[in-house]
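*Asks:* Can you keep this structure in mind? I'll have questions shortly.
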Amino acid sequence: MKSLFRLCAVSLVALAALLPVSGCSSSDTAKVQIVVTTNILGDMTKAIAGAAADVLVLMPAGADPHQFAISAQQAARIERATLLVHNGLGLETGVQRQVIAAQDSGVPTLSVGERVDPITYRNSDRPDPHFWTDPARARRAAEVISARMLEIPGIDTDAVRGNSARYLTELSALDTWMTQRFATLAPEQRRLVTNHHVFGYLAQRFDFRVIGAIVPSGTALASPSASDLAELATAVRESGVPTIFADSSQPDRLARVLAEQAGVHVKVAALHTESLTAPGGGAATYLEMMRANTEAIVTGLTPP
């Protein structure tokens with residue numbers, strides 16, 4: 001009987017010794033936690049990370065990147081993040097305080113916009129944060145995200161490299177396709193009027209001329225004056241643009257007011273400019289958004 005008790009005791013001690021080892025193994029294999037501010041960068045980051053990391057995107061579908069806010073729970077996730085990816089260049093004003101706080105507390109952060117050769121707004125020295133309207137810069141952004149992700153200790157580098165290679169190929173194909181589609185527009189047809197300045201990068205990349213914006217600012221939060229509308233209406237009449245483009249997530253009332261003030265028949269078409277949509281909304285991914293916008297621009301600017 002004593003031998004039996006001694007055998008049981010030894011077995012229990014051996015079992016107890018194994019339990020901490022099992023717990024360490026679970027902790028060691030925990031996924032990398034990446035937090036991304038905007039849903040456009042979030043889509044890119046998810047495509048590159050795949051199953052190698054858990055990616056939390058703060059900005060909801062259809063939200064305005066200039067003013068969306070986050071919950072206390074999301075703020076706490078930022079503080080625990082392995083990496084915080086943000087657009088930068090003054091885009092995410094609604095969460096800028098949390099981004100700065102994360103940087104100050106030592107959370108590794110990546111400001112993607114600062115790494116893709118940013119330009120400034122027309123007639124301004126302020127940086128333009130809307131780099132993703134140029135697919136070549138979007139590809140550079142993907143390379144920047146991938147390179148930073150590969151520096152994270154313990155991440156599955158083979159998976160990240162494979163995902164990145166596939167996604168970069170898709171972005172290159174997008175660039176080629178957009179170039180071909182815009183080539184169907186004559187140079188004099190490549191003129192844009194939008195609800196606010198968001199297509200500076202696209203204009204530079206594909207040789208478009210931005211006639212003007214209804215809101216003379218890089219954010220839709222600003223409001224145009226009566227003189228702003230009158231001046232832009234004159235430019236619309238003189239240039240003969242057939243379509244004014246308004247962001248799909250913003251009311252197009254001002255665009256319609258401008259169309260009426262222009263004194264000519266001008267259509268108003270929606271573009272997905274600063275936010276992805278929910279699945280089924282026409283722009284659920286960056287690739288889908290850019291293809292939809294390209295088709296809308298070509299259709300809107302092609303003479304009947």
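How things are named: the first chain in the structure tokens is A, the next is B, and so on; residues count from 1 in each chain; ligands count from 1 in the order shown.
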Please tabulate, as a tab-separated table, the residues of stretch 130-183 of chain A that come within 9 Å of stretch 37-47 of chain A, each with its closest pair of atoms and the distance in Å to one decimal, counting only C-alpha atoms and ordering rows by chain, then residue number upward.

*Replies:*
residue	atom	partner	partner_atom	distance
A:Trp132	CA	A:Ile40	CA	8.2
A:Ala138	CA	A:Met44	CA	8.9
A:Ala141	CA	A:Leu41	CA	8.6
A:Ala142	CA	A:Met44	CA	6.5
A:Ile145	CA	A:Thr45	CA	6.9
A:Ser146	CA	A:Thr45	CA	8.0
A:Asn163	CA	A:Ala47	CA	6.6
A:Ser164	CA	A:Ala47	CA	7.5
A:Arg166	CA	A:Ala47	CA	9.0
A:Tyr167	CA	A:Ala47	CA	6.8

*Asks:* Write the residues of the selection above to a file with C-alpha atoms, as a PDB file, in the first residue's frame.

*Replies:*
ATOM      1  CA  TRP A 132      -3.597  56.167 -51.480  1.00  0.00           C
ATOM      2  CA  ALA A 138      -0.081  52.655 -52.204  1.00  0.00           C
ATOM      3  CA  ALA A 141       2.958  52.002 -48.449  1.00  0.00           C
ATOM      4  CA  ALA A 142       2.485  48.229 -48.574  1.00  0.00           C
ATOM      5  CA  ILE A 145       4.175  48.135 -43.733  1.00  0.00           C
ATOM      6  CA  SER A 146       5.648  44.779 -44.743  1.00  0.00           C
ATOM      7  CA  ASN A 163       1.460  37.553 -48.355  1.00  0.00           C
ATOM      8  CA  SER A 164       3.366  40.723 -49.180  1.00  0.00           C
ATOM      9  CA  ARG A 166       1.089  38.410 -53.569  1.00  0.00           C
ATOM     10  CA  TYR A 167      -0.388  41.754 -52.510  1.00  0.00           C
TER      11      TYR A 167
END

*Asks:* Write out as a VMD selection string the set of residues from stretch 21-148 of chain A that DSSP, computed on the backbone, places in strand (DSSP E or B).

*Replies:* chain A and resid 32 to 36 53 to 57 83 to 86 109 to 111 120 127

*Asks:* Could you save those same residues with all heavy atoms as a CSV table (one decimal), in the first residue's frame?

*Replies:*
chain,number,residue,atom,x,y,z
A,32,VAL,N,0.9,38.3,-32.7
A,32,VAL,CA,1.2,39.7,-32.7
A,32,VAL,C,0.0,40.5,-32.8
A,32,VAL,O,-1.0,40.2,-33.5
A,32,VAL,CB,2.2,40.0,-33.9
A,32,VAL,CG1,2.4,41.5,-34.0
A,32,VAL,CG2,3.5,39.3,-33.7
A,33,GLN,N,-0.1,41.6,-32.0
A,33,GLN,CA,-1.3,42.5,-32.0
A,33,GLN,C,-0.9,43.8,-32.7
A,33,GLN,O,-0.1,44.6,-32.2
A,33,GLN,CB,-1.7,42.8,-30.5
A,33,GLN,CG,-1.9,41.5,-29.7
A,33,GLN,CD,-3.2,40.8,-30.2
A,33,GLN,OE1,-4.2,41.3,-30.5
A,33,GLN,NE2,-3.0,39.4,-30.3
A,34,ILE,N,-1.6,44.0,-33.9
A,34,ILE,CA,-1.3,45.2,-34.7
A,34,ILE,C,-2.6,46.0,-34.7
A,34,ILE,O,-3.7,45.5,-35.0
A,34,ILE,CB,-0.9,44.9,-36.1
A,34,ILE,CG1,0.4,44.1,-36.1
A,34,ILE,CG2,-0.7,46.2,-36.9
A,34,ILE,CD1,0.9,43.7,-37.5
A,35,VAL,N,-2.5,47.3,-34.3
A,35,VAL,CA,-3.7,48.2,-34.4
A,35,VAL,C,-3.4,49.2,-35.5
A,35,VAL,O,-2.3,49.8,-35.7
A,35,VAL,CB,-3.8,49.0,-33.0
A,35,VAL,CG1,-5.0,50.0,-33.1
A,35,VAL,CG2,-4.1,48.0,-31.9
A,36,VAL,N,-4.5,49.4,-36.3
A,36,VAL,CA,-4.4,50.3,-37.5
A,36,VAL,C,-5.5,51.4,-37.4
A,36,VAL,O,-6.6,51.0,-37.0
A,36,VAL,CB,-4.5,49.6,-38.8
A,36,VAL,CG1,-4.2,50.5,-40.0
A,36,VAL,CG2,-3.6,48.4,-38.8
A,53,ALA,N,-0.8,37.7,-37.7
A,53,ALA,CA,-1.0,38.7,-36.6
A,53,ALA,C,-2.5,39.0,-36.5
A,53,ALA,O,-3.3,38.8,-37.5
A,53,ALA,CB,-0.3,40.0,-37.0
A,54,ASP,N,-2.9,39.4,-35.4
A,54,ASP,CA,-4.3,39.9,-35.2
A,54,ASP,C,-4.3,41.4,-35.5
A,54,ASP,O,-3.5,42.1,-34.8
A,54,ASP,CB,-4.8,39.6,-33.7
A,54,ASP,CG,-5.1,38.2,-33.5
A,54,ASP,OD1,-5.5,37.5,-34.4
A,54,ASP,OD2,-4.9,37.7,-32.3
A,55,VAL,N,-5.1,41.8,-36.4
A,55,VAL,CA,-5.2,43.2,-36.8
A,55,VAL,C,-6.5,43.8,-36.4
A,55,VAL,O,-7.5,43.4,-36.8
A,55,VAL,CB,-5.0,43.3,-38.3
A,55,VAL,CG1,-5.0,44.8,-38.7
A,55,VAL,CG2,-3.6,42.7,-38.8
A,56,LEU,N,-6.4,44.9,-35.6
A,56,LEU,CA,-7.6,45.6,-35.1
A,56,LEU,C,-7.6,46.9,-35.9
A,56,LEU,O,-6.7,47.7,-35.9
A,56,LEU,CB,-7.5,45.9,-33.6
A,56,LEU,CG,-8.6,46.9,-33.1
A,56,LEU,CD1,-10.0,46.4,-33.3
A,56,LEU,CD2,-8.3,47.3,-31.7
A,57,VAL,N,-8.7,47.2,-36.6
A,57,VAL,CA,-8.9,48.4,-37.4
A,57,VAL,C,-9.8,49.3,-36.6
A,57,VAL,O,-11.0,49.0,-36.3
A,57,VAL,CB,-9.4,48.2,-38.8
A,57,VAL,CG1,-9.6,49.5,-39.6
A,57,VAL,CG2,-8.5,47.2,-39.6
A,83,LEU,N,2.3,46.9,-32.5
A,83,LEU,CA,2.6,47.9,-33.5
A,83,LEU,C,1.4,48.7,-33.7
A,83,LEU,O,0.3,48.1,-33.9
A,83,LEU,CB,3.2,47.3,-34.8
A,83,LEU,CG,3.4,48.2,-36.0
A,83,LEU,CD1,4.6,49.2,-35.6
A,83,LEU,CD2,3.7,47.4,-37.2
A,84,LEU,N,1.5,50.0,-33.8
A,84,LEU,CA,0.4,50.9,-34.2
A,84,LEU,C,0.7,51.5,-35.5
A,84,LEU,O,1.7,52.2,-35.7
A,84,LEU,CB,0.2,52.0,-33.1
A,84,LEU,CG,-0.7,53.1,-33.5
A,84,LEU,CD1,-2.1,52.6,-33.7
A,84,LEU,CD2,-0.7,54.2,-32.4
A,85,VAL,N,-0.1,51.2,-36.5
A,85,VAL,CA,0.0,51.8,-37.9
A,85,VAL,C,-1.0,52.9,-38.1
A,85,VAL,O,-2.2,52.7,-37.9
A,85,VAL,CB,-0.2,50.7,-38.9
A,85,VAL,CG1,0.0,51.2,-40.3
A,85,VAL,CG2,0.8,49.5,-38.7
A,86,HIS,N,-0.5,54.1,-38.5
A,86,HIS,CA,-1.4,55.2,-38.7
A,86,HIS,C,-1.0,55.9,-40.0
A,86,HIS,O,0.2,55.8,-40.5
A,86,HIS,CB,-1.4,56.1,-37.5
A,86,HIS,CG,-0.1,56.8,-37.2
A,86,HIS,ND1,0.1,58.2,-37.4
A,86,HIS,CD2,1.0,56.3,-36.7
A,86,HIS,CE1,1.3,58.5,-37.0
A,86,HIS,NE2,1.9,57.4,-36.5
A,109,THR,N,5.3,52.6,-33.3
A,109,THR,CA,4.3,53.2,-34.2
A,109,THR,C,5.0,53.4,-35.6
A,109,THR,O,6.2,53.5,-35.8
A,109,THR,CB,3.8,54.6,-33.8
A,109,THR,OG1,4.9,55.5,-33.7
A,109,THR,CG2,3.2,54.5,-32.4
A,110,LEU,N,4.1,53.4,-36.6
A,110,LEU,CA,4.5,53.6,-38.0
A,110,LEU,C,3.6,54.6,-38.7
A,110,LEU,O,2.4,54.3,-38.9
A,110,LEU,CB,4.5,52.3,-38.8
A,110,LEU,CG,4.8,52.3,-40.3
A,110,LEU,CD1,6.2,52.8,-40.5
A,110,LEU,CD2,4.6,51.0,-40.9
A,111,SER,N,4.2,55.8,-39.0
A,111,SER,CA,3.4,56.8,-39.8
A,111,SER,C,3.7,56.5,-41.3
A,111,SER,O,4.7,56.9,-41.8
A,111,SER,CB,3.9,58.2,-39.4
A,111,SER,OG,3.2,59.2,-40.1
A,120,THR,N,2.3,68.3,-51.1
A,120,THR,CA,1.5,69.3,-50.3
A,120,THR,C,0.3,69.7,-51.1
A,120,THR,O,0.2,69.4,-52.3
A,120,THR,CB,2.3,70.6,-50.1
A,120,THR,OG1,2.7,71.2,-51.3
A,120,THR,CG2,3.6,70.3,-49.2
A,127,PRO,N,1.1,69.3,-45.8
A,127,PRO,CA,1.2,68.0,-46.4
A,127,PRO,C,-0.2,67.4,-46.8
A,127,PRO,O,-1.2,67.6,-46.0
A,127,PRO,CB,1.9,67.1,-45.4
A,127,PRO,CG,1.6,67.7,-44.1
A,127,PRO,CD,1.6,69.2,-44.4

*Asks:* Can you tell me, as JSON, numbers by chain, what residues are no more than 12 Å from A:Gln261 when counting only C-alpha atoms, ignoring any on the same chain fewer than 6 positions away?

*Replies:* {"A": [214, 226, 227, 228, 229, 230, 231, 232, 233, 234, 235, 236, 237, 254, 255]}

*Asks:* Which neighbours of stretch 70-78 of chain A fall inside 8 Å, counting only C-alpha atoms, when residues of the same chain fewer than 3 positions from it are skipped, and could you give them as a VMD selection string?

*Replies:* chain A and resid 35 58 to 59 81 84 95 98 102 107

*Asks:* I need the residues from that last selection saved to file as an mmCIF file, in the first residue's frame (with N, CA, C and O atoms), if you can.

*Replies:*
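Output (result.cif):
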data_model
loop_
_atom_site.group_PDB
_atom_site.id
_atom_site.type_symbol
_atom_site.label_atom_id
_atom_site.label_comp_id
_atom_site.auth_asym_id
_atom_site.auth_seq_id
_atom_site.Cartn_x
_atom_site.Cartn_y
_atom_site.Cartn_z
ATOM 1 N N VAL A 35 -2.515 47.306 -34.343
ATOM 2 C CA VAL A 35 -3.658 48.217 -34.378
ATOM 3 C C VAL A 35 -3.434 49.205 -35.513
ATOM 4 O O VAL A 35 -2.342 49.758 -35.666
ATOM 5 N N LEU A 58 -9.378 50.535 -36.297
ATOM 6 C CA LEU A 58 -10.164 51.428 -35.449
ATOM 7 C C LEU A 58 -11.298 52.129 -36.201
ATOM 8 O O LEU A 58 -12.380 52.327 -35.666
ATOM 9 N N MET A 59 -11.068 52.523 -37.424
ATOM 10 C CA MET A 59 -12.036 53.321 -38.188
ATOM 11 C C MET A 59 -13.108 52.429 -38.813
ATOM 12 O O MET A 59 -12.806 51.533 -39.585
ATOM 13 N N ALA A 81 -0.621 47.362 -27.941
ATOM 14 C CA ALA A 81 -0.295 46.913 -29.297
ATOM 15 C C ALA A 81 1.188 46.597 -29.463
ATOM 16 O O ALA A 81 2.051 47.264 -28.894
ATOM 17 N N LEU A 84 1.515 50.012 -33.805
ATOM 18 C CA LEU A 84 0.417 50.907 -34.173
ATOM 19 C C LEU A 84 0.731 51.505 -35.538
ATOM 20 O O LEU A 84 1.725 52.206 -35.703
ATOM 21 N N VAL A 95 -8.286 60.918 -33.573
ATOM 22 C CA VAL A 95 -7.559 59.994 -32.695
ATOM 23 C C VAL A 95 -6.097 60.416 -32.545
ATOM 24 O O VAL A 95 -5.278 59.630 -32.058
ATOM 25 N N GLN A 98 -4.654 60.042 -29.019
ATOM 26 C CA GLN A 98 -4.316 58.676 -28.602
ATOM 27 C C GLN A 98 -3.046 58.182 -29.289
ATOM 28 O O GLN A 98 -2.268 57.444 -28.701
ATOM 29 N N ALA A 102 0.319 57.065 -27.327
ATOM 30 C CA ALA A 102 0.943 55.756 -27.537
ATOM 31 C C ALA A 102 2.429 55.918 -27.836
ATOM 32 O O ALA A 102 3.267 55.172 -27.308
ATOM 33 N N VAL A 107 4.892 52.734 -27.308
ATOM 34 C CA VAL A 107 4.311 51.781 -28.259
ATOM 35 C C VAL A 107 4.962 51.991 -29.627
ATOM 36 O O VAL A 107 5.024 53.113 -30.122
#

*Asks:* Fewer than 5 positions away in the same chain doesn't count, so skip those; otherwise give me all residues within 12 Å of A:Glu288, counting only C-alpha atoms, as a list in words.

*Replies:*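 Surrounding residues, per the criterion: Ile40, Asp43, Glu170, Leu171, Leu174, Leu271, His272, Thr273, Ser275, Leu276, Thr277, Ala278, Pro279, Gly280, Gly281, Gly282, Ala283, Asn293, Thr294 and Glu295 of chain A.
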
*Asks:* Atoms to include: N, CA and C atoms. Write the selected residues as a CSV table (one decimal), in the first residue's frame.

*Replies:*
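Output file selection.csv follows:
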chain,number,residue,atom,x,y,z
A,40,ILE,N,-8.5,52.0,-44.7
A,40,ILE,CA,-7.8,51.7,-46.0
A,40,ILE,C,-6.4,51.1,-45.6
A,43,ASP,N,-7.0,47.5,-44.3
A,43,ASP,CA,-7.2,46.5,-45.4
A,43,ASP,C,-5.8,46.0,-45.9
A,170,GLU,N,-0.7,42.3,-56.9
A,170,GLU,CA,-2.1,42.8,-57.1
A,170,GLU,C,-2.1,44.3,-57.3
A,171,LEU,N,-1.2,45.0,-56.5
A,171,LEU,CA,-1.2,46.5,-56.6
A,171,LEU,C,-0.5,46.9,-57.9
A,174,LEU,N,-3.1,46.6,-60.5
A,174,LEU,CA,-4.1,47.7,-60.4
A,174,LEU,C,-3.5,49.0,-61.0
A,271,LEU,N,-17.9,59.1,-55.5
A,271,LEU,CA,-16.6,58.4,-55.4
A,271,LEU,C,-16.4,57.9,-54.0
A,272,HIS,N,-15.7,56.8,-53.8
A,272,HIS,CA,-15.2,56.4,-52.5
A,272,HIS,C,-13.8,56.9,-52.3
A,273,THR,N,-13.7,57.9,-51.5
A,273,THR,CA,-12.4,58.6,-51.5
A,273,THR,C,-11.6,58.4,-50.2
A,275,SER,N,-12.7,56.4,-47.3
A,275,SER,CA,-13.1,55.3,-46.5
A,275,SER,C,-13.6,54.1,-47.3
A,276,LEU,N,-13.3,52.9,-46.8
A,276,LEU,CA,-13.9,51.7,-47.4
A,276,LEU,C,-15.4,51.6,-47.0
A,277,THR,N,-16.1,50.8,-47.7
A,277,THR,CA,-17.5,50.5,-47.4
A,277,THR,C,-17.6,49.1,-46.7
A,278,ALA,N,-18.7,48.8,-46.1
A,278,ALA,CA,-19.0,47.5,-45.6
A,278,ALA,C,-19.0,46.5,-46.8
A,279,PRO,N,-18.8,45.2,-46.6
A,279,PRO,CA,-18.9,44.3,-47.7
A,279,PRO,C,-20.2,44.4,-48.5
A,280,GLY,N,-20.1,44.5,-49.8
A,280,GLY,CA,-21.3,44.6,-50.7
A,280,GLY,C,-21.6,46.1,-51.0
A,281,GLY,N,-20.8,47.0,-50.4
A,281,GLY,CA,-21.1,48.4,-50.6
A,281,GLY,C,-20.3,49.0,-51.8
A,282,GLY,N,-19.5,48.2,-52.5
A,282,GLY,CA,-18.9,48.7,-53.7
A,282,GLY,C,-17.4,49.0,-53.5
A,283,ALA,N,-17.0,49.1,-52.3
A,283,ALA,CA,-15.6,49.5,-52.0
A,283,ALA,C,-15.1,48.9,-50.7
A,293,ASN,N,-13.6,53.7,-58.4
A,293,ASN,CA,-13.4,55.1,-58.6
A,293,ASN,C,-12.9,55.3,-60.0
A,294,THR,N,-12.0,54.5,-60.5
A,294,THR,CA,-11.5,54.7,-61.8
A,294,THR,C,-12.6,54.6,-62.9
A,295,GLU,N,-13.5,53.6,-62.7
A,295,GLU,CA,-14.6,53.4,-63.7
A,295,GLU,C,-15.5,54.6,-63.6

*Asks:* Extract, using only C-alpha atoms, all DNA, RNA and protein residues at most 12 Å from A:Gly212, discarding same-chain residues fewer than 3 positions from it, and format them as an MDAnalysis selection string.

*Replies:* chainID A and resid 121:123 191:200 203 208:209 215:218 224 228:236 239 241 244:245 255 258

*Asks:* Between atom CA of A:Thr133 and atom CA of A:Tyr201, measure the distance and give it in Å to one decimal.

*Replies:*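 Answer for the atom CA of A:Thr133 to atom CA of A:Tyr201 separation: 5.9 Å.
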